[in-house]
>>> print(open('protein_3.txt').read())   # compact mmCIF, C-alpha atoms
# COMPACT_ATOMS: atom_id res chain seq x y z
CA MET A 1 106.26 68.27 85.64
CA VAL A 2 105.32 65.48 87.99
CA GLY A 3 103.76 67.00 91.12
CA ASP A 4 102.50 70.13 89.33
CA THR A 5 98.78 70.87 89.43
CA ILE A 6 96.47 71.88 86.58
CA THR A 7 93.33 73.76 87.66
CA TRP A 8 90.13 74.31 85.69
CA ASN A 9 87.88 77.06 87.12
CA ASN A 10 84.18 77.06 86.27
CA GLN A 11 83.25 80.74 86.02
CA ASP A 12 79.96 79.95 84.28
CA GLN A 13 76.47 79.95 85.82
CA VAL A 14 75.96 76.24 85.05
CA SER A 15 77.82 73.02 85.84
CA HIS A 16 80.55 71.67 83.57
CA SER A 17 82.96 68.73 83.52
CA VAL A 18 86.48 68.00 82.26
CA VAL A 19 86.75 64.52 80.75
CA SER A 20 89.78 63.38 78.74
CA LEU A 21 88.94 61.56 75.54
CA ASP A 22 91.55 58.88 76.31
CA GLY A 23 90.17 58.17 79.80
CA GLU A 24 93.14 59.66 81.67
CA PHE A 25 91.04 61.98 83.86
CA ASN A 26 87.43 62.84 84.68
CA SER A 27 86.43 65.71 86.95
CA GLY A 28 82.84 64.66 87.48
CA GLU A 29 80.42 67.59 87.75
CA ILE A 30 82.07 70.96 88.49
CA LEU A 31 79.40 73.22 89.96
CA ALA A 32 79.10 76.89 88.96
CA GLY A 33 81.92 78.78 90.70
CA GLY A 34 83.77 75.55 91.49
CA ASN A 35 87.02 74.10 90.21
CA PHE A 36 88.78 70.84 89.40
CA ARG A 37 92.43 70.29 90.26
CA MET A 38 94.49 67.51 88.75
CA THR A 39 97.96 66.74 90.11
CA ILE A 40 100.28 65.33 87.47
CA THR A 41 101.42 61.87 88.55
CA GLU A 42 103.47 60.91 85.50
CA THR A 43 105.53 62.72 82.90
CA PHE A 44 103.46 63.97 79.97
CA THR A 45 104.72 62.97 76.53
CA VAL A 46 106.36 65.90 74.70
CA GLY A 47 104.50 66.64 71.47
CA LYS A 48 101.35 64.88 72.62
CA ILE A 49 97.99 66.64 72.65
CA TYR A 50 95.65 65.63 75.47
CA ASP A 51 92.08 66.35 74.31
CA TYR A 52 89.19 66.78 76.74
CA GLU A 53 85.52 67.72 76.66
CA CYS A 54 82.65 68.78 78.88
CA ASP A 55 80.20 65.85 79.01
CA LEU A 56 77.45 68.23 80.15
CA GLU A 57 77.74 70.93 77.46
CA GLY A 58 79.88 69.43 74.69
CA PHE A 59 82.67 72.02 74.86
CA ILE A 60 86.16 70.81 73.94
CA GLY A 61 89.73 71.77 74.82
CA SER A 62 93.25 70.40 74.81
CA ILE A 63 96.55 70.40 76.68
CA ASN A 64 99.46 70.72 74.25
CA VAL A 65 102.73 69.47 75.73
CA MET A 66 105.72 71.39 74.40
>>> encode(input="protein_3.txt", output="structure tokens")
Amino acid sequence: MVGDTITWNNQDQVSHSVVSLDGEFNSGEILAGGNFRMTITETFTVGKIYDYECDLEGFIGSINVM
């Protein structure tokens, strides 16, 4: 919902990032032990999948809106 916050915690020993493939968000570098918080400013589209990746390591993930 608008105003909610999504948090990614970097529990690894190296830096990571969270970058949406559609350009909606970009965390920049998240240092080891750090986190990135994104406050939702608009309603997500139900049924849409928001894909993201780590620019530094190539890992991928997604937010599936139900």
>>> atom_distance(input="protein_3.txt", atom1="CA of Glu29 (chain A)", atom2="CA of Thr43 (chain A)")
26.0 Å
>>> residues_near_point(input="protein_3.txt", point="(79.3, 73.3, 80.8)", cutoff="12 Å", atoms="all atoms listed in the file", output="list in words")
Trp8, Asn9, Asn10, Gln11, Asp12, Gln13, Val14, Ser15, His16, Ser17, Val18, Val19, Gly28, Glu29, Ile30, Leu31, Ala32, Gly33, Gly34, Glu53, Cys54, Asp55, Leu56, Glu57, Gly58, Phe59 and Ile60 of chain A
>>> atom_distance(input="protein_3.txt", atom1="CA of Asn64 (chain A)", atom2="CA of Ile49 (chain A)")
4.6 Å
>>> atom_distance(input="protein_3.txt", atom1="CA of Met66 (chain A)", atom2="CA of Gly47 (chain A)")
5.7 Å
>>> closest_residue(input="protein_3.txt", among="A:Ser20, A:Ile6, A:Met1, A:Glu42", to="Ser62 (chain A)", atoms="only C-alpha atoms")
A:Ser20
>>> closest_residue(input="protein_3.txt", among="A:Thr5, A:Tyr50, A:Gly61, A:Leu21", to="Phe36 (chain A)", atoms="all atoms listed in the file")
A:Thr5
>>> axis_aligned_box(input="protein_3.txt", around="region 55-66 of chain A", padding_each_side="4 Å", output="AutoDock Vina command-line options")
--center_x 91.6 --center_y 68.9 --center_z 77.0 --size_x 36.3 --size_y 14.2 --size_z 14.2
>>> closest_residue(input="protein_3.txt", among="A:Thr7, A:Tyr52, A:Arg37, A:Val2", to="Asp22 (chain A)", atoms="all atoms listed in the file")
A:Tyr52
>>> build_atoms(input="protein_3.txt", residues="region 6-39 of chain A", atoms="N, CA and C atoms", output="mmCIF file, in the frame of the given file")
data_model
loop_
_atom_site.group_PDB
_atom_site.id
_atom_site.type_symbol
_atom_site.label_atom_id
_atom_site.label_comp_id
_atom_site.auth_asym_id
_atom_site.auth_seq_id
_atom_site.Cartn_x
_atom_site.Cartn_y
_atom_site.Cartn_z
ATOM 1 N N ILE A 6 97.236 71.152 87.597
ATOM 2 C CA ILE A 6 96.470 71.880 86.580
ATOM 3 C C ILE A 6 95.104 72.155 87.194
ATOM 4 N N THR A 7 94.621 73.396 87.090
ATOM 5 C CA THR A 7 93.330 73.760 87.660
ATOM 6 C C THR A 7 92.405 74.305 86.587
ATOM 7 N N TRP A 8 91.193 73.772 86.534
ATOM 8 C CA TRP A 8 90.130 74.310 85.690
ATOM 9 C C TRP A 8 89.145 75.008 86.609
ATOM 10 N N ASN A 9 88.843 76.283 86.340
ATOM 11 C CA ASN A 9 87.880 77.060 87.120
ATOM 12 C C ASN A 9 86.604 77.227 86.324
ATOM 13 N N ASN A 10 85.474 76.893 86.924
ATOM 14 C CA ASN A 10 84.180 77.060 86.270
ATOM 15 C C ASN A 10 83.614 78.414 86.655
ATOM 16 N N GLN A 11 83.749 79.386 85.769
ATOM 17 C CA GLN A 11 83.250 80.740 86.020
ATOM 18 C C GLN A 11 81.893 80.964 85.375
ATOM 19 N N ASP A 12 81.267 79.881 84.925
ATOM 20 C CA ASP A 12 79.960 79.950 84.280
ATOM 21 C C ASP A 12 78.860 79.868 85.349
ATOM 22 N N GLN A 13 77.624 80.034 84.922
ATOM 23 C CA GLN A 13 76.470 79.950 85.820
ATOM 24 C C GLN A 13 75.891 78.538 85.884
ATOM 25 N N VAL A 14 76.438 77.620 85.087
ATOM 26 C CA VAL A 14 75.960 76.240 85.050
ATOM 27 C C VAL A 14 77.125 75.280 85.291
ATOM 28 N N SER A 15 76.801 74.044 85.597
ATOM 29 C CA SER A 15 77.820 73.020 85.840
ATOM 30 C C SER A 15 78.519 72.620 84.541
ATOM 31 N N HIS A 16 79.767 72.187 84.686
ATOM 32 C CA HIS A 16 80.550 71.670 83.570
ATOM 33 C C HIS A 16 81.348 70.465 84.064
ATOM 34 N N SER A 17 82.067 69.824 83.155
ATOM 35 C CA SER A 17 82.960 68.730 83.520
ATOM 36 C C SER A 17 84.200 68.794 82.629
ATOM 37 N N VAL A 18 85.246 68.101 83.045
ATOM 38 C CA VAL A 18 86.480 68.000 82.260
ATOM 39 C C VAL A 18 86.787 66.507 82.154
ATOM 40 N N VAL A 19 86.589 65.959 80.960
ATOM 41 C CA VAL A 19 86.750 64.520 80.750
ATOM 42 C C VAL A 19 87.705 64.301 79.581
ATOM 43 N N SER A 20 88.830 63.637 79.834
ATOM 44 C CA SER A 20 89.780 63.380 78.740
ATOM 45 C C SER A 20 89.216 62.321 77.811
ATOM 46 N N LEU A 21 89.471 62.494 76.529
ATOM 47 C CA LEU A 21 88.940 61.560 75.540
ATOM 48 C C LEU A 21 89.627 60.203 75.598
ATOM 49 N N ASP A 22 90.841 60.157 76.194
ATOM 50 C CA ASP A 22 91.550 58.880 76.310
ATOM 51 C C ASP A 22 91.352 58.209 77.665
ATOM 52 N N GLY A 23 90.474 58.771 78.508
ATOM 53 C CA GLY A 23 90.170 58.170 79.800
ATOM 54 C C GLY A 23 91.167 58.452 80.901
ATOM 55 N N GLU A 24 92.109 59.362 80.671
ATOM 56 C CA GLU A 24 93.140 59.660 81.670
ATOM 57 C C GLU A 24 92.601 60.392 82.901
ATOM 58 N N PHE A 25 91.597 61.252 82.725
ATOM 59 C CA PHE A 25 91.040 61.980 83.860
ATOM 60 C C PHE A 25 89.575 62.322 83.617
ATOM 61 N N ASN A 26 88.846 62.495 84.726
ATOM 62 C CA ASN A 26 87.430 62.840 84.680
ATOM 63 C C ASN A 26 87.102 63.605 85.954
ATOM 64 N N SER A 27 86.683 64.848 85.798
ATOM 65 C CA SER A 27 86.430 65.710 86.950
ATOM 66 C C SER A 27 85.118 65.396 87.655
ATOM 67 N N GLY A 28 84.200 64.717 86.965
ATOM 68 C CA GLY A 28 82.840 64.660 87.480
ATOM 69 C C GLY A 28 82.228 66.044 87.292
ATOM 70 N N GLU A 29 81.097 66.291 87.903
ATOM 71 C CA GLU A 29 80.420 67.590 87.750
ATOM 72 C C GLU A 29 81.156 68.678 88.526
ATOM 73 N N ILE A 30 81.475 69.784 87.846
ATOM 74 C CA ILE A 30 82.070 70.960 88.490
ATOM 75 C C ILE A 30 80.957 72.000 88.581
ATOM 76 N N LEU A 31 80.495 72.271 89.774
ATOM 77 C CA LEU A 31 79.400 73.220 89.960
ATOM 78 C C LEU A 31 79.816 74.630 89.573
ATOM 79 N N ALA A 32 78.838 75.483 89.275
ATOM 80 C CA ALA A 32 79.100 76.890 88.960
ATOM 81 C C ALA A 32 79.943 77.498 90.083
ATOM 82 N N GLY A 33 81.030 78.171 89.723
ATOM 83 C CA GLY A 33 81.920 78.780 90.700
ATOM 84 C C GLY A 33 82.938 77.821 91.298
ATOM 85 N N GLY A 34 82.859 76.548 90.946
ATOM 86 C CA GLY A 34 83.770 75.550 91.490
ATOM 87 C C GLY A 34 85.000 75.357 90.629
ATOM 88 N N ASN A 35 85.837 74.391 91.012
ATOM 89 C CA ASN A 35 87.020 74.100 90.210
ATOM 90 C C ASN A 35 87.378 72.625 90.306
ATOM 91 N N PHE A 36 88.255 72.206 89.425
ATOM 92 C CA PHE A 36 88.780 70.840 89.400
ATOM 93 C C PHE A 36 90.289 70.951 89.318
ATOM 94 N N ARG A 37 90.971 70.286 90.244
ATOM 95 C CA ARG A 37 92.430 70.290 90.260
ATOM 96 C C ARG A 37 92.934 68.881 89.993
ATOM 97 N N MET A 38 93.895 68.793 89.093
ATOM 98 C CA MET A 38 94.490 67.510 88.750
ATOM 99 C C MET A 38 95.993 67.619 88.988
ATOM 100 N N THR A 39 96.519 66.780 89.874
ATOM 101 C CA THR A 39 97.960 66.740 90.110
ATOM 102 C C THR A 39 98.579 65.749 89.140
#
